[in-house]
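Heads up: the structure comes next, in structure tokens.
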Amino acid sequence: MKYDIKYFLISLFAALSLSSCNDFFDMELQGEYDGNNFYNTTYQLQVGLDAVYDILQTNNYNNCEWIFGEACGDDVVGNDESTTNLISELVNFQFNTSNTWIRDRYTINYKGINRANQVISGARRVQLATQEIEQYTKVREILGQAKFLRALFYFNLVKTFGGVPIRPEQEDVDALTIPRSTKEEVYAYIEKDLREAAIMLRSKFVSKEAGKAGCGACVALLMKVLAYQATPGMESEKWNEITKLGAYFIEGATLTYGDMLHFENYEESWDELRARLWFKDKALLASNEPYETPETTMPSLANEYSLEATDSYGNTLGYADLYYEKGEFCTRSIFEVVFKESANGLKDDQNEGTEIFNDIFFNRMFASKSFKDEIAGDPRKGVFIQEHGEVAFDGVRIEVPPGKTACMKWYTPSAETPSDVNDSGKNRRVLIYSEVVLFYAEALNEMGQREKSLEQLNSVKRVANKITNVSTLYKAGTYIELRDQIWKERRIELCHLWDRFFDIVRQGRAAQVLHDFATETTHNRGKNFIEGVNEIFPIPQNEVDITNGVVTQNPGY
């Protein structure tokens, strides 16, 4: 679904949105609506949800995503890392607590949270035109998507800053200053949102609704959130939970609503939960309408996604198709940030296509030597990276600077070239099926199921091998040997998707990786990384100052 959000509606929700104690906590009413009378209809609730999705399309959000997730890692080198600017300071870990990008990362995700909170709190005011079950389903799916998006924004924050304030769904202008919750409390909040959203949503949205987050997106993100809470090499119920979700997602194992929710931990009754999540009241159900219980089985995901990617028409796609428009919403893609080429190609058009992909490809980031060494000999090498002067799959010469290696996931094929260089219709892949399989493989290894773990790992490799018809697979071994192979496959398969820095932090080896990486760059990028400090970034100094220290700073800053 290519979102066509009207500017006056975005302005409305921007005006209604609360943020932090600075620019995004100001409530300035514009137009005839306020937060108490807008969400009276399903249409208005959908408008609110569109405004939440709109955050994902903004240049500010996407710039923060690649700067923190990719540029701070070891898979890429930039064109200006040795210069004095705010991005250079950040990726060299020589920043201060007032770095603008740190503030922007914090602010843009809270803007998303505040818009999601308005939808979630506003849903209770919706008045249905009829009591048809489809009306309940429509509201429930809007609410479920808002919960998914709120979880995504909080996940961005907790992996960047550690524990952060959990904003109430209904803000009190007399109590805007809220202290930080612990990292564990934030993760628990994220999990609850994702578990509830998973039972509220259909397995997958397709056709004109493609691009909306479905149950598959919720479970995929939940598996990732669980992995970020577990420690490699240490026993954890989180690893066990990932194996259960992986068996459900990939192998078709049965999972009930109660299993997904961990309903035994809820204090509210089942019918109270059903009412809050917009399932139709039992007393109002017609004889042919379902009454969901904790024993109701989750929708099947096993047949919705696959490593062998096909488009909506059933055509098989190759690796060279997966990250371009031809591969959008294919069976290998679970959740995408949706862009479309705007009508006028205006620069900084926040609600349409963005020039960020082209800018990264030609001007900003190129494959590092260590990544090229890692992918050498792998059949994906010629698909994921290409040297200056080589010819791409569409016959176009790669015109990155001499001596640089292009990252092809950011490439725009000639057939998809926008009418204006400031524009793009290329979607950003956020959750892909191969990552679900690799998290499943990692959790299986952590749980001692090494044979099954190797099977899942090689299922990803076999599909990649078809690029050049090779047969090399990963080999059985000890826990450490298998874990290292899984991490190697993650680095190759998931390269340049704006997540590498957070992945090596999750694995507990960011300091080692970045210190090793420093030896291959002329200005030793990574040498300043301080173990035990730089795994997370500082809370923006203006947040600490404006709350008079109620929002505390991270240790070491």
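A note on labels: chains of the structure tokens are A, B, ... as shown, every chain counts residues from 1, and ligands are counted from 1 in their shown order.
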
Please identify every residue of region 43-162 of chain A that has at least one atom no farther than 12 Å from an atom of region 168-180 of chain A, counting only C-alpha atoms, and for each give the shortest atom pair and the distance in Å to one decimal, arranged by chain then increasing number, as CSV.
```
residue,atom,partner,partner_atom,distance
A:Tyr110,CA,A:Pro168,CA,11.7
A:Ile113,CA,A:Glu169,CA,9.1
A:Asn114,CA,A:Glu169,CA,7.7
A:Arg115,CA,A:Glu169,CA,9.6
A:Ala116,CA,A:Glu169,CA,8.5
A:Asn117,CA,A:Glu169,CA,4.8
A:Gln118,CA,A:Glu169,CA,6.8
A:Val119,CA,A:Glu169,CA,9.0
A:Ile120,CA,A:Glu169,CA,7.2
A:Ser121,CA,A:Glu169,CA,5.8
A:Gly122,CA,A:Gln170,CA,9.0
A:Ala123,CA,A:Glu169,CA,11.2
A:Arg124,CA,A:Glu169,CA,11.8
A:Ala146,CA,A:Glu169,CA,11.7
A:Lys147,CA,A:Glu169,CA,11.2
A:Arg150,CA,A:Glu169,CA,10.7
A:Leu157,CA,A:Arg180,CA,11.7
A:Val158,CA,A:Arg180,CA,10.8
A:Phe161,CA,A:Arg180,CA,10.5
A:Gly162,CA,A:Arg180,CA,9.3
```

Quick one: everything within 9 Å of His515 (chain A), counting only C-alpha atoms, minus sequence neighbours fewer than 6 positions away in the same chain. Send it as a list in words. Asn524, Arg525, Gly526, Lys527, Asn528 and Phe529 of chain A

Based on the selection just made, write C-alpha atoms of those residues as a short mmCIF file (atom, residue, chain, number, x, y, z; two decimals), in the first residue's frame.
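So the final result, stored in part-v9.cif, reads:
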```
data_model
loop_
_atom_site.label_atom_id
_atom_site.label_comp_id
_atom_site.auth_asym_id
_atom_site.auth_seq_id
_atom_site.Cartn_x
_atom_site.Cartn_y
_atom_site.Cartn_z
CA ASN A 524 41.23 4.26 12.98
CA ARG A 525 37.46 4.50 13.22
CA GLY A 526 36.31 2.37 16.12
CA LYS A 527 39.39 2.79 18.31
CA ASN A 528 37.57 5.24 20.61
CA PHE A 529 34.73 2.84 21.41
#
```

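DSSP secondary structure from the backbone places Ser333, Ile334, Phe335, Glu336, Val337, Met365, Phe366, Ala367, Ile385, Gln386, Glu387, Val391, Arg397, Thr405, Ala406, Cys407, Arg428, Arg429, Val430, Leu431 and Ile432 of chain A of region 332-533 of chain A in strand (DSSP E or B).
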
Could you save those same residues with C-alpha atoms as a short mmCIF file (atom, residue, chain, number, x, y, z; two decimals), in the first residue's frame?
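Output below, filename result.cif:
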```cif
data_model
loop_
_atom_site.label_atom_id
_atom_site.label_comp_id
_atom_site.auth_asym_id
_atom_site.auth_seq_id
_atom_site.Cartn_x
_atom_site.Cartn_y
_atom_site.Cartn_z
CA SER A 333 9.64 -9.53 2.96
CA ILE A 334 7.71 -9.21 6.23
CA PHE A 335 7.58 -5.47 6.89
CA GLU A 336 8.65 -2.52 4.75
CA VAL A 337 8.69 1.24 5.13
CA MET A 365 28.76 4.77 2.57
CA PHE A 366 30.73 2.03 0.87
CA ALA A 367 31.55 -1.57 1.76
CA ILE A 385 28.50 -5.35 -3.48
CA GLN A 386 30.18 -4.16 -6.68
CA GLU A 387 33.35 -2.20 -7.38
CA VAL A 391 28.46 -3.06 -14.60
CA ARG A 397 28.15 1.24 -14.94
CA THR A 405 32.86 -0.56 -3.29
CA ALA A 406 29.13 0.04 -3.76
CA CYS A 407 26.51 -1.48 -1.48
CA ARG A 428 12.99 0.07 2.83
CA ARG A 429 13.03 -3.53 4.09
CA VAL A 430 12.78 -3.61 7.89
CA LEU A 431 11.90 -7.24 8.69
CA ILE A 432 12.74 -10.06 6.31
#
```

Report, in Å with one decimal, the straight-line distance from CA of Ile108 (chain A) to CA of Thr552 (chain A). 19.6 Å

Could you check how far CA of Ala253 (chain A) sits from CA of Arg195 (chain A), in Å to one decimal?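 Computing it gives 17.0 Å between the two atoms.
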
Do you have, as JSON lines, the list of residues of region 412-442 of chain A lying at most 9 Å from region 449-456 of chain A, each with its nearest atom pair and that distance in Å to one decimal, counting only C-alpha atoms and ordered by chain then number?
```
{"residue": "A:Val437", "atom": "CA", "partner": "A:Gln456", "partner_atom": "CA", "distance": 6.4}
{"residue": "A:Leu438", "atom": "CA", "partner": "A:Gln456", "partner_atom": "CA", "distance": 7.1}
{"residue": "A:Tyr440", "atom": "CA", "partner": "A:Gln456", "partner_atom": "CA", "distance": 7.4}
{"residue": "A:Ala441", "atom": "CA", "partner": "A:Ser453", "partner_atom": "CA", "distance": 4.3}
{"residue": "A:Glu442", "atom": "CA", "partner": "A:Ser453", "partner_atom": "CA", "distance": 6.8}
```

What would the file look like if the residues just selected were written as a short mmCIF file (atom, residue, chain, number, x, y, z; two decimals), in the first residue's frame with N, CA, C and O atoms?
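Result written to selection05.cif:
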```
data_model
loop_
_atom_site.label_atom_id
_atom_site.label_comp_id
_atom_site.auth_asym_id
_atom_site.auth_seq_id
_atom_site.Cartn_x
_atom_site.Cartn_y
_atom_site.Cartn_z
N VAL A 437 14.45 -16.85 10.29
CA VAL A 437 15.06 -18.18 10.26
C VAL A 437 16.38 -18.18 11.02
O VAL A 437 16.70 -19.12 11.77
N LEU A 438 17.17 -17.14 10.85
CA LEU A 438 18.48 -17.08 11.51
C LEU A 438 18.35 -16.87 13.03
O LEU A 438 19.15 -17.41 13.80
N TYR A 440 15.86 -18.09 14.71
CA TYR A 440 15.43 -19.42 15.11
C TYR A 440 16.64 -20.35 15.22
O TYR A 440 16.80 -21.07 16.21
N ALA A 441 17.53 -20.30 14.23
CA ALA A 441 18.74 -21.12 14.26
C ALA A 441 19.61 -20.78 15.47
O ALA A 441 20.15 -21.67 16.14
N GLU A 442 19.74 -19.49 15.76
CA GLU A 442 20.57 -19.06 16.88
C GLU A 442 19.98 -19.55 18.21
O GLU A 442 20.71 -20.03 19.09
#
```
